[in-house]
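Undergrad: If it helps, the file is called input.pdb and holds PDB, C-alpha atoms and all ligand atoms:
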```pdb
ATOM      1  CA  MET A 349     -20.626 -23.493   7.707  1.00  0.00           C
ATOM      2  CA  THR A 350     -21.382 -25.566  10.816  1.00  0.00           C
ATOM      3  CA  PRO A 351     -22.805 -29.122  10.504  1.00  0.00           C
ATOM      4  CA  VAL A 352     -26.207 -28.017  11.826  1.00  0.00           C
ATOM      5  CA  PRO A 353     -27.181 -25.680   8.930  1.00  0.00           C
ATOM      6  CA  VAL A 354     -25.940 -28.316   6.413  1.00  0.00           C
ATOM      7  CA  PHE A 355     -28.225 -30.872   8.040  1.00  0.00           C
ATOM      8  CA  VAL A 356     -31.083 -28.396   8.024  1.00  0.00           C
ATOM      9  CA  ILE A 357     -30.617 -27.677   4.301  1.00  0.00           C
ATOM     10  CA  MET A 358     -30.610 -31.411   3.447  1.00  0.00           C
ATOM     11  CA  PHE A 359     -33.692 -32.025   5.571  1.00  0.00           C
ATOM     12  CA  VAL A 360     -35.629 -29.129   4.058  1.00  0.00           C
ATOM     13  CA  VAL A 361     -34.556 -30.039   0.524  1.00  0.00           C
ATOM     14  CA  SER A 362     -35.845 -33.611   0.954  1.00  0.00           C
ATOM     15  CA  ILE A 363     -39.206 -32.362   2.263  1.00  0.00           C
ATOM     16  CA  SER A 364     -39.433 -29.968  -0.704  1.00  0.00           C
ATOM     17  CA  VAL A 365     -38.731 -32.805  -3.167  1.00  0.00           C
ATOM     18  CA  VAL A 366     -41.413 -35.052  -1.651  1.00  0.00           C
ATOM     19  CA  HIS A 367     -43.985 -32.233  -1.690  1.00  0.00           C
ATOM     20  CA  ALA A 368     -42.771 -30.572  -4.854  1.00  0.00           C
ATOM     21  CA  GLY A 369     -44.885 -27.718  -6.040  1.00  0.00           C
ATOM     22  CA  ARG A 370     -46.504 -26.940  -2.679  1.00  0.00           C
ATOM     23  CA  SER A 371     -45.984 -23.257  -1.945  1.00  0.00           C
ATOM     24  CA  CYS A 372     -46.199 -23.888   1.823  1.00  0.00           C
ATOM     25  CA  GLU A 373     -43.033 -26.011   1.674  1.00  0.00           C
ATOM     26  CA  ASN A 374     -41.303 -23.412  -0.481  1.00  0.00           C
ATOM     27  CA  GLN A 375     -42.142 -20.875   2.196  1.00  0.00           C
ATOM     28  CA  ILE A 376     -40.573 -23.076   4.897  1.00  0.00           C
ATOM     29  CA  PHE A 377     -37.497 -23.523   2.727  1.00  0.00           C
ATOM     30  CA  ASP A 378     -37.185 -19.766   2.166  1.00  0.00           C
ATOM     31  CA  ASN A 379     -37.544 -19.118   5.901  1.00  0.00           C
ATOM     32  CA  MET A 380     -34.810 -21.653   6.655  1.00  0.00           C
ATOM     33  CA  ILE A 381     -32.456 -20.037   4.146  1.00  0.00           C
ATOM     34  CA  ASP A 382     -33.149 -16.626   5.691  1.00  0.00           C
ATOM     35  CA  LYS A 383     -32.281 -18.012   9.145  1.00  0.00           C
ATOM     36  CA  ILE A 384     -29.048 -19.585   7.902  1.00  0.00           C
ATOM     37  CA  VAL A 385     -28.001 -16.340   6.221  1.00  0.00           C
ATOM     38  CA  ALA A 386     -28.791 -14.476   9.481  1.00  0.00           C
ATOM     39  CA  LEU A 387     -26.675 -16.961  11.493  1.00  0.00           C
ATOM     40  CA  GLN A 388     -23.740 -16.409   9.159  1.00  0.00           C
ATOM     41  CA  SER A 389     -23.927 -12.637   9.361  1.00  0.00           C
ATOM     42  CA  ASN A 390     -24.067 -12.863  13.180  1.00  0.00           C
ATOM     43  CA  ALA A 391     -20.780 -14.783  13.068  1.00  0.00           C
ATOM     44  CA  ASN A 392     -19.274 -11.821  11.192  1.00  0.00           C
ATOM     45  CA  ASP A 393     -20.542  -9.345  13.808  1.00  0.00           C
ATOM     46  CA  ASP A 394     -17.495  -9.990  15.943  1.00  0.00           C
ATOM     47  CA  ASN A 395     -15.259  -8.028  13.557  1.00  0.00           C
ATOM     48  CA  LYS A 396     -13.094 -10.911  12.450  1.00  0.00           C
ATOM     49  CA  GLY A 397     -12.611  -9.048   9.197  1.00  0.00           C
ATOM     50  CA  LYS A 398     -11.053  -5.850   7.961  1.00  0.00           C
ATOM     51  CA  ASP A 399     -12.824  -3.462  10.286  1.00  0.00           C
ATOM     52  CA  ARG A 400     -11.438  -5.056  13.474  1.00  0.00           C
ATOM     53  CA  PRO A 401      -9.484  -2.257  15.234  1.00  0.00           C
ATOM     54  CA  ALA A 402      -5.736  -2.960  15.255  1.00  0.00           C
ATOM     55  CA  PHE A 403      -2.547  -0.901  15.410  1.00  0.00           C
ATOM     56  CA  THR A 404       1.230  -1.318  15.510  1.00  0.00           C
ATOM     57  CA  VAL A 405       3.486   1.715  15.909  1.00  0.00           C
ATOM     58  CA  SER A 406       7.150   2.222  16.681  1.00  0.00           C
ATOM     59  CA  LEU A 407       9.577   4.921  17.757  1.00  0.00           C
ATOM     60  CA  THR A 408      12.124   5.412  15.011  1.00  0.00           C
ATOM     61  CA  THR A 409      13.479   8.794  16.105  1.00  0.00           C
ATOM     62  CA  SER A 410      16.967   8.569  17.612  1.00  0.00           C
ATOM     63  CA  GLU A 411      16.959   9.141  21.381  1.00  0.00           C
ATOM     64  CA  PRO A 412      14.270  11.643  22.403  1.00  0.00           C
ATOM     65  CA  THR A 413      14.306  13.139  25.888  1.00  0.00           C
ATOM     66  CA  ILE A 414      10.917  12.746  27.588  1.00  0.00           C
ATOM     67  CA  THR A 415      10.090  15.154  30.420  1.00  0.00           C
ATOM     68  CA  GLY A 416       7.231  14.592  32.843  1.00  0.00           C
ATOM     69  CA  LYS A 417       4.358  12.134  32.854  1.00  0.00           C
ATOM     70  CA  VAL A 418       3.472  12.447  29.191  1.00  0.00           C
ATOM     71  CA  PRO A 419       2.583   9.930  26.477  1.00  0.00           C
ATOM     72  CA  ILE A 420       5.392   8.612  24.319  1.00  0.00           C
ATOM     73  CA  LYS A 421       4.599   9.628  20.750  1.00  0.00           C
ATOM     74  CA  PHE A 422       5.427   6.615  18.636  1.00  0.00           C
ATOM     75  CA  ASN A 423       6.008   8.345  15.313  1.00  0.00           C
ATOM     76  CA  ASN A 424       6.113   5.439  12.869  1.00  0.00           C
ATOM     77  CA  ILE A 425       2.774   3.853  11.925  1.00  0.00           C
ATOM     78  CA  ILE A 426       3.097   0.273  10.760  1.00  0.00           C
ATOM     79  CA  LEU A 427      -0.617  -0.563  10.974  1.00  0.00           C
ATOM     80  CA  ASN A 428      -3.626   1.529  12.032  1.00  0.00           C
ATOM     81  CA  ARG A 429      -6.945  -0.134  11.185  1.00  0.00           C
ATOM     82  CA  ARG A 430      -9.916   2.056  12.144  1.00  0.00           C
ATOM     83  CA  SER A 431      -7.415   4.915  12.767  1.00  0.00           C
ATOM     84  CA  GLY A 432      -7.510   4.600  16.579  1.00  0.00           C
ATOM     85  CA  TYR A 433      -3.856   5.607  17.023  1.00  0.00           C
ATOM     86  CA  ASP A 434      -2.846   9.262  16.688  1.00  0.00           C
ATOM     87  CA  PRO A 435       0.922   9.871  16.266  1.00  0.00           C
ATOM     88  CA  SER A 436       0.511  13.569  17.158  1.00  0.00           C
ATOM     89  CA  THR A 437      -0.665  12.662  20.705  1.00  0.00           C
ATOM     90  CA  GLY A 438       0.584   9.082  21.261  1.00  0.00           C
ATOM     91  CA  TYR A 439      -2.918   7.976  22.259  1.00  0.00           C
ATOM     92  CA  PHE A 440      -4.890   5.019  20.989  1.00  0.00           C
ATOM     93  CA  THR A 441      -8.535   6.087  21.204  1.00  0.00           C
ATOM     94  CA  VAL A 442     -10.707   2.965  21.308  1.00  0.00           C
ATOM     95  CA  PRO A 443     -12.929   2.903  18.168  1.00  0.00           C
ATOM     96  CA  GLN A 444     -15.179   0.071  19.400  1.00  0.00           C
ATOM     97  CA  THR A 445     -16.038  -1.353  22.837  1.00  0.00           C
ATOM     98  CA  GLY A 446     -14.665  -4.817  23.558  1.00  0.00           C
ATOM     99  CA  LEU A 447     -11.816  -6.994  24.765  1.00  0.00           C
ATOM    100  CA  TYR A 448      -8.390  -5.874  23.530  1.00  0.00           C
ATOM    101  CA  HIS A 449      -4.870  -7.236  23.600  1.00  0.00           C
ATOM    102  CA  ILE A 450      -2.366  -4.440  24.202  1.00  0.00           C
ATOM    103  CA  SER A 451       1.407  -4.769  24.165  1.00  0.00           C
ATOM    104  CA  ALA A 452       4.394  -2.479  24.363  1.00  0.00           C
ATOM    105  CA  THR A 453       8.181  -2.707  24.495  1.00  0.00           C
ATOM    106  CA  ILE A 454      10.544  -0.001  25.663  1.00  0.00           C
ATOM    107  CA  MET A 455      14.317   0.247  25.728  1.00  0.00           C
ATOM    108  CA  SER A 456      16.327   2.607  27.887  1.00  0.00           C
ATOM    109  CA  ARG A 457      19.478   4.277  26.680  1.00  0.00           C
ATOM    110  CA  ASN A 458      22.809   2.661  27.419  1.00  0.00           C
ATOM    111  CA  GLY A 459      23.623   3.500  31.050  1.00  0.00           C
ATOM    112  CA  ALA A 460      20.395   5.331  32.024  1.00  0.00           C
ATOM    113  CA  ALA A 461      17.058   3.970  33.235  1.00  0.00           C
ATOM    114  CA  PHE A 462      13.669   4.663  31.675  1.00  0.00           C
ATOM    115  CA  HIS A 463      10.341   4.382  33.522  1.00  0.00           C
ATOM    116  CA  ALA A 464       7.037   3.885  31.695  1.00  0.00           C
ATOM    117  CA  SER A 465       3.498   2.787  32.353  1.00  0.00           C
ATOM    118  CA  LEU A 466       0.677   1.495  30.248  1.00  0.00           C
ATOM    119  CA  ASP A 467      -1.923   4.153  30.876  1.00  0.00           C
ATOM    120  CA  LYS A 468      -5.681   3.928  30.413  1.00  0.00           C
ATOM    121  CA  ASN A 469      -7.633   7.192  30.838  1.00  0.00           C
ATOM    122  CA  GLY A 470      -4.917   8.625  33.098  1.00  0.00           C
ATOM    123  CA  GLN A 471      -4.539   5.505  35.261  1.00  0.00           C
ATOM    124  CA  ASP A 472      -1.396   3.364  35.334  1.00  0.00           C
ATOM    125  CA  ILE A 473      -2.452  -0.198  34.488  1.00  0.00           C
ATOM    126  CA  VAL A 474       1.016  -1.845  34.496  1.00  0.00           C
ATOM    127  CA  LEU A 475       4.557  -0.503  34.787  1.00  0.00           C
ATOM    128  CA  MET A 476       7.672  -0.991  32.690  1.00  0.00           C
ATOM    129  CA  TYR A 477      11.250  -0.327  33.655  1.00  0.00           C
ATOM    130  CA  GLY A 478      14.259  -0.236  31.357  1.00  0.00           C
ATOM    131  CA  THR A 479      17.300  -0.810  33.577  1.00  0.00           C
ATOM    132  CA  LYS A 480      20.512   1.221  33.528  1.00  0.00           C
ATOM    133  CA  ILE A 481      22.521  -1.771  32.314  1.00  0.00           C
ATOM    134  CA  ASN A 482      23.430  -1.526  28.634  1.00  0.00           C
ATOM    135  CA  GLY A 483      19.982  -0.404  27.486  1.00  0.00           C
ATOM    136  CA  GLY A 484      17.313  -2.284  29.429  1.00  0.00           C
ATOM    137  CA  ASN A 485      14.395  -3.731  27.498  1.00  0.00           C
ATOM    138  CA  GLU A 486      10.992  -4.377  28.944  1.00  0.00           C
ATOM    139  CA  SER A 487       7.696  -5.513  27.451  1.00  0.00           C
ATOM    140  CA  THR A 488       4.134  -5.758  28.592  1.00  0.00           C
ATOM    141  CA  ASN A 489       1.383  -7.919  27.131  1.00  0.00           C
ATOM    142  CA  ILE A 490      -2.023  -7.495  28.685  1.00  0.00           C
ATOM    143  CA  VAL A 491      -5.688  -7.963  27.937  1.00  0.00           C
ATOM    144  CA  LEU A 492      -8.085  -5.118  28.769  1.00  0.00           C
ATOM    145  CA  GLU A 493     -11.794  -4.524  28.585  1.00  0.00           C
ATOM    146  CA  LEU A 494     -12.063  -1.172  26.802  1.00  0.00           C
ATOM    147  CA  THR A 495     -14.978   1.122  26.064  1.00  0.00           C
ATOM    148  CA  LYS A 496     -15.346   3.207  22.905  1.00  0.00           C
ATOM    149  CA  GLY A 497     -13.562   6.525  23.482  1.00  0.00           C
ATOM    150  CA  ASP A 498     -11.141   5.206  26.151  1.00  0.00           C
ATOM    151  CA  LYS A 499      -7.602   6.488  25.699  1.00  0.00           C
ATOM    152  CA  VAL A 500      -4.624   4.166  26.061  1.00  0.00           C
ATOM    153  CA  CYS A 501      -0.962   5.147  25.787  1.00  0.00           C
ATOM    154  CA  VAL A 502       2.546   4.277  26.892  1.00  0.00           C
ATOM    155  CA  LYS A 503       3.373   7.058  29.324  1.00  0.00           C
ATOM    156  CA  HIS A 504       6.647   8.245  30.825  1.00  0.00           C
ATOM    157  CA  TYR A 505       6.200   7.349  34.479  1.00  0.00           C
ATOM    158  CA  ILE A 506       8.268   9.912  36.411  1.00  0.00           C
ATOM    159  CA  SER A 507       8.151  13.689  36.558  1.00  0.00           C
ATOM    160  CA  GLY A 508      11.821  14.287  35.629  1.00  0.00           C
ATOM    161  CA  SER A 509      13.556  13.867  32.277  1.00  0.00           C
ATOM    162  CA  GLU A 510      14.744  10.553  30.834  1.00  0.00           C
ATOM    163  CA  VAL A 511      16.027   9.533  27.440  1.00  0.00           C
ATOM    164  CA  ILE A 512      14.370   6.685  25.555  1.00  0.00           C
ATOM    165  CA  HIS A 513      16.182   4.595  22.959  1.00  0.00           C
ATOM    166  CA  GLY A 514      14.304   4.907  19.676  1.00  0.00           C
ATOM    167  CA  TYR A 515      15.735   3.540  16.413  1.00  0.00           C
ATOM    168  CA  GLY A 516      12.798   1.105  16.174  1.00  0.00           C
ATOM    169  CA  TYR A 517      13.510  -0.628  19.519  1.00  0.00           C
ATOM    170  CA  CYS A 518      10.356   0.720  21.211  1.00  0.00           C
ATOM    171  CA  TYR A 519       6.924  -0.232  19.936  1.00  0.00           C
ATOM    172  CA  PHE A 520       3.274  -0.295  20.916  1.00  0.00           C
ATOM    173  CA  SER A 521       0.437  -2.374  19.516  1.00  0.00           C
ATOM    174  CA  GLY A 522      -3.081  -3.510  20.205  1.00  0.00           C
ATOM    175  CA  TYR A 523      -6.026  -5.230  18.629  1.00  0.00           C
ATOM    176  CA  TYR A 524      -9.668  -5.980  19.233  1.00  0.00           C
ATOM    177  CA  ILE A 525     -10.264  -9.606  20.274  1.00  0.00           C
ATOM    178  CA  SER A 526     -14.037  -9.822  20.763  1.00  0.00           C
ATOM    179  CA  LYS A 527     -17.068  -8.133  22.326  1.00  0.00           C
TER     180      LYS A 527
HETATM  181  C1  LIG A 601      18.231  -4.752  25.098  1.00  0.00           C
HETATM  182  O1  LIG A 601      18.132  -4.957  23.701  1.00  0.00           O
HETATM  183  C2  LIG A 601      19.204  -4.371  22.970  1.00  0.00           C
HETATM  184  C3  LIG A 601      18.894  -4.545  21.504  1.00  0.00           C
HETATM  185  O2  LIG A 601      18.667  -5.878  21.184  1.00  0.00           O
HETATM  186  C4  LIG A 601      20.514  -5.004  23.382  1.00  0.00           C
HETATM  187  O3  LIG A 601      21.592  -4.379  22.717  1.00  0.00           O
HETATM  188  C5  LIG A 601      20.707  -4.833  24.899  1.00  0.00           C
HETATM  189  O4  LIG A 601      21.873  -5.493  25.339  1.00  0.00           O
HETATM  190  C6  LIG A 601      19.505  -5.373  25.635  1.00  0.00           C
HETATM  191  N1  LIG A 601      19.677  -5.052  27.052  1.00  0.00           N
HETATM  192  C7  LIG A 601      19.906  -5.948  27.980  1.00  0.00           C
HETATM  193  C8  LIG A 601      20.063  -5.433  29.365  1.00  0.00           C
HETATM  194  O5  LIG A 601      19.971  -7.144  27.731  1.00  0.00           O
END
```
The structure given in the file should be rewritten as C-alpha cells.
TA:
Amino acid sequence: MTPVPVFVIMFVVSISVVHAGRSCENQIFDNMIDKIVALQSNANDDNKGKDRPAFTVSLTTSEPTITGKVPIKFNNIILNRRSGYDPSTGYFTVPQTGLYHISATIMSRNGAAFHASLDKNGQDIVLMYGTKINGGNESTNIVLELTKGDKVCVKHYISGSEVIHGYGYCYFSGYYISK
C-alpha cells in the first residue's frame, strides 16, 4: 500500500474517534475505504498476476527442413499462460492488447545458413540470420505494441528449403508488459 492511503486511513480514523457515534463520520470512513479498495484493484488491472499473457516454446525435434516462407512450429511448450501460442501453427495469437516483449533464438545447422524473421500479421519486423559457420546462432529481443488477435511468429525468411538445428537450441518467447 502506498503512503497516501495509509495517511488517509489514520486521518479518517482520528476524526471518527473524536466524533465517535456520528453516522455522518462513519459514512465518510466507509467511502474512504471503498476508494482505497478501488485504488488497489486498479493497480491489479495491469495483469501483474497469473492472467498476464506469457509463453516460452522451443524446437526439440532434430533438424527439420523448412520450405518456403512459413512459420517455424516450435513443438515444445514450456509455458503458455492464456494459451496464446499454438504449436500446430507456430503462431502466438495476442490474447490481450498491450505492450509485449518478444524474443527468439535460432541456430542454423553446421555448415548451412538459416534465414528467419520475426513476423507480425505477415510483416517482417526484424530479421535473423544463422551463419554457415559451425551452426550460427542469432537472437532477437524486441518490444512491440500488439492488438488482441494479432499473430506473431518466427518465420522462415526465404522461399527455398533450409534446415534448422532443433534439439532445444531454437526458442521463442513473449510476455505482456503493460497496457
Ligand atoms: C552456436 O551455438 C552452438 C551451441 O552452443 C555452438 O556449438 C556453435 O559453435 C555456435 N555457433 C557459433 C558460430 O559460434
Undergrad: Given only C-alpha atoms and all ligand atoms, how would the per-residue table for chain A near ligand LIG 601 (chain A) read, listing every residue at most 12 Å away with its closest atom pair and distance in Å to one decimal, sorted by chain and number, as JSON lines?
TA:
```
{"residue": "A:Thr453", "atom": "CA", "partner": "A:LIG601", "partner_atom": "O1", "distance": 10.2}
{"residue": "A:Ile454", "atom": "CA", "partner": "A:LIG601", "partner_atom": "C1", "distance": 9.1}
{"residue": "A:Met455", "atom": "CA", "partner": "A:LIG601", "partner_atom": "C1", "distance": 6.4}
{"residue": "A:Ser456", "atom": "CA", "partner": "A:LIG601", "partner_atom": "C1", "distance": 8.1}
{"residue": "A:Arg457", "atom": "CA", "partner": "A:LIG601", "partner_atom": "C1", "distance": 9.3}
{"residue": "A:Asn458", "atom": "CA", "partner": "A:LIG601", "partner_atom": "C5", "distance": 8.2}
{"residue": "A:Gly459", "atom": "CA", "partner": "A:LIG601", "partner_atom": "C8", "distance": 9.8}
{"residue": "A:Ala460", "atom": "CA", "partner": "A:LIG601", "partner_atom": "C8", "distance": 11.1}
{"residue": "A:Ala461", "atom": "CA", "partner": "A:LIG601", "partner_atom": "C8", "distance": 10.6}
{"residue": "A:Tyr477", "atom": "CA", "partner": "A:LIG601", "partner_atom": "C8", "distance": 11.1}
{"residue": "A:Gly478", "atom": "CA", "partner": "A:LIG601", "partner_atom": "C8", "distance": 8.0}
{"residue": "A:Thr479", "atom": "CA", "partner": "A:LIG601", "partner_atom": "C8", "distance": 6.8}
{"residue": "A:Lys480", "atom": "CA", "partner": "A:LIG601", "partner_atom": "C8", "distance": 7.9}
{"residue": "A:Ile481", "atom": "CA", "partner": "A:LIG601", "partner_atom": "C8", "distance": 5.3}
{"residue": "A:Asn482", "atom": "CA", "partner": "A:LIG601", "partner_atom": "C8", "distance": 5.2}
{"residue": "A:Gly483", "atom": "CA", "partner": "A:LIG601", "partner_atom": "N1", "distance": 4.7}
{"residue": "A:Gly484", "atom": "CA", "partner": "A:LIG601", "partner_atom": "C8", "distance": 4.2}
{"residue": "A:Asn485", "atom": "CA", "partner": "A:LIG601", "partner_atom": "C1", "distance": 4.6}
{"residue": "A:Glu486", "atom": "CA", "partner": "A:LIG601", "partner_atom": "C1", "distance": 8.2}
{"residue": "A:Ser487", "atom": "CA", "partner": "A:LIG601", "partner_atom": "C1", "distance": 10.8}
{"residue": "A:His513", "atom": "CA", "partner": "A:LIG601", "partner_atom": "C2", "distance": 9.5}
{"residue": "A:Gly514", "atom": "CA", "partner": "A:LIG601", "partner_atom": "C3", "distance": 10.7}
{"residue": "A:Tyr515", "atom": "CA", "partner": "A:LIG601", "partner_atom": "C3", "distance": 10.1}
{"residue": "A:Gly516", "atom": "CA", "partner": "A:LIG601", "partner_atom": "C3", "distance": 9.9}
{"residue": "A:Tyr517", "atom": "CA", "partner": "A:LIG601", "partner_atom": "C3", "distance": 6.9}
{"residue": "A:Cys518", "atom": "CA", "partner": "A:LIG601", "partner_atom": "O1", "distance": 9.9}
```
Undergrad: Residues within 12 Å of Asn424 in chain A, please, as a compact mmCIF listing (two decimals) with C-alpha atoms, in the frame of the given file. Count all atoms listed in the file; anything in the same chain fewer than 2 positions from it doesn't count.
TA:
```
# COMPACT_ATOMS: atom_id res chain seq x y z
CA PHE A 403 -2.55 -0.90 15.41
CA THR A 404 1.23 -1.32 15.51
CA VAL A 405 3.49 1.72 15.91
CA SER A 406 7.15 2.22 16.68
CA LEU A 407 9.58 4.92 17.76
CA THR A 408 12.12 5.41 15.01
CA THR A 409 13.48 8.79 16.10
CA ILE A 420 5.39 8.61 24.32
CA LYS A 421 4.60 9.63 20.75
CA PHE A 422 5.43 6.62 18.64
CA ILE A 426 3.10 0.27 10.76
CA LEU A 427 -0.62 -0.56 10.97
CA ASN A 428 -3.63 1.53 12.03
CA TYR A 433 -3.86 5.61 17.02
CA ASP A 434 -2.85 9.26 16.69
CA PRO A 435 0.92 9.87 16.27
CA SER A 436 0.51 13.57 17.16
CA GLY A 438 0.58 9.08 21.26
CA GLY A 514 14.30 4.91 19.68
CA TYR A 515 15.74 3.54 16.41
CA GLY A 516 12.80 1.10 16.17
CA TYR A 517 13.51 -0.63 19.52
CA CYS A 518 10.36 0.72 21.21
CA TYR A 519 6.92 -0.23 19.94
CA PHE A 520 3.27 -0.30 20.92
CA SER A 521 0.44 -2.37 19.52
```
Undergrad: Evaluated on this file, the PyMOL selection byres (((chain A and resi 503-505) around 12) and not hetatm) picks out some residues - which ones are they, written as a PyMOL selection string?
TA: chain A and resi 412-422+437-440+452-454+456+461-478+499-502+506-512+520
Undergrad: Using only C-alpha atoms, which residues sit within 7 Å of Tyr523 in chain A once same-chain residues fewer than 2 positions away are excluded, as a list in words?
TA: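 With the cut-off at 7 Å, the set is Pro401, Ala402, Phe403, Tyr448, His449, Ile450 and Ile525 of chain A.
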Undergrad: I need the residue nearest Ser410 in chain A from this list: A:Gly497, A:Asp378, A:Asn423, A:Glu373. Use only C-alpha atoms for the distance.
TA: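 Closest candidate: A:Asn423.
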Undergrad: Find the residues around Gly446 in chain A up to 6 Å (all atoms listed in the file counted), leave out those fewer than 6 positions away in its own chain, and share them as a ChimeraX atom specification.
TA: /A:493-494,526-527
Undergrad: Report as a PyMOL selection string the residues that result from applying the PyMOL selection byres (((chain A and resi 442-444) around 6) and not hetatm) to the structure here.
TA: chain A and resi 432+441+445+496-498
Undergrad: In Å, how far is it from CA of Thr488 in chain A to CA of Ser431 in chain A?
TA: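 Taking CA of Thr488 in chain A and CA of Ser431 in chain A, their separation equals 22.3 Å.
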Undergrad: I'd like the interatomic distance between CA of Leu447 in chain A and CA of Lys383 in chain A, to a tenth of an Å.
TA: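 Separating CA of Leu447 in chain A from CA of Lys383 in chain A is a distance of 28.0 Å.
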Undergrad: Using only the atoms of range 504-519 of chain A listed in the file, plus 8 Å on each side, state the axis-aligned box centre and edge lengths in Å rounded to one decimal, as JSON.
TA:
```
{"center_x": 11.2, "center_y": 6.8, "center_z": 26.4, "size_x": 26.0, "size_y": 30.9, "size_z": 36.4}
```
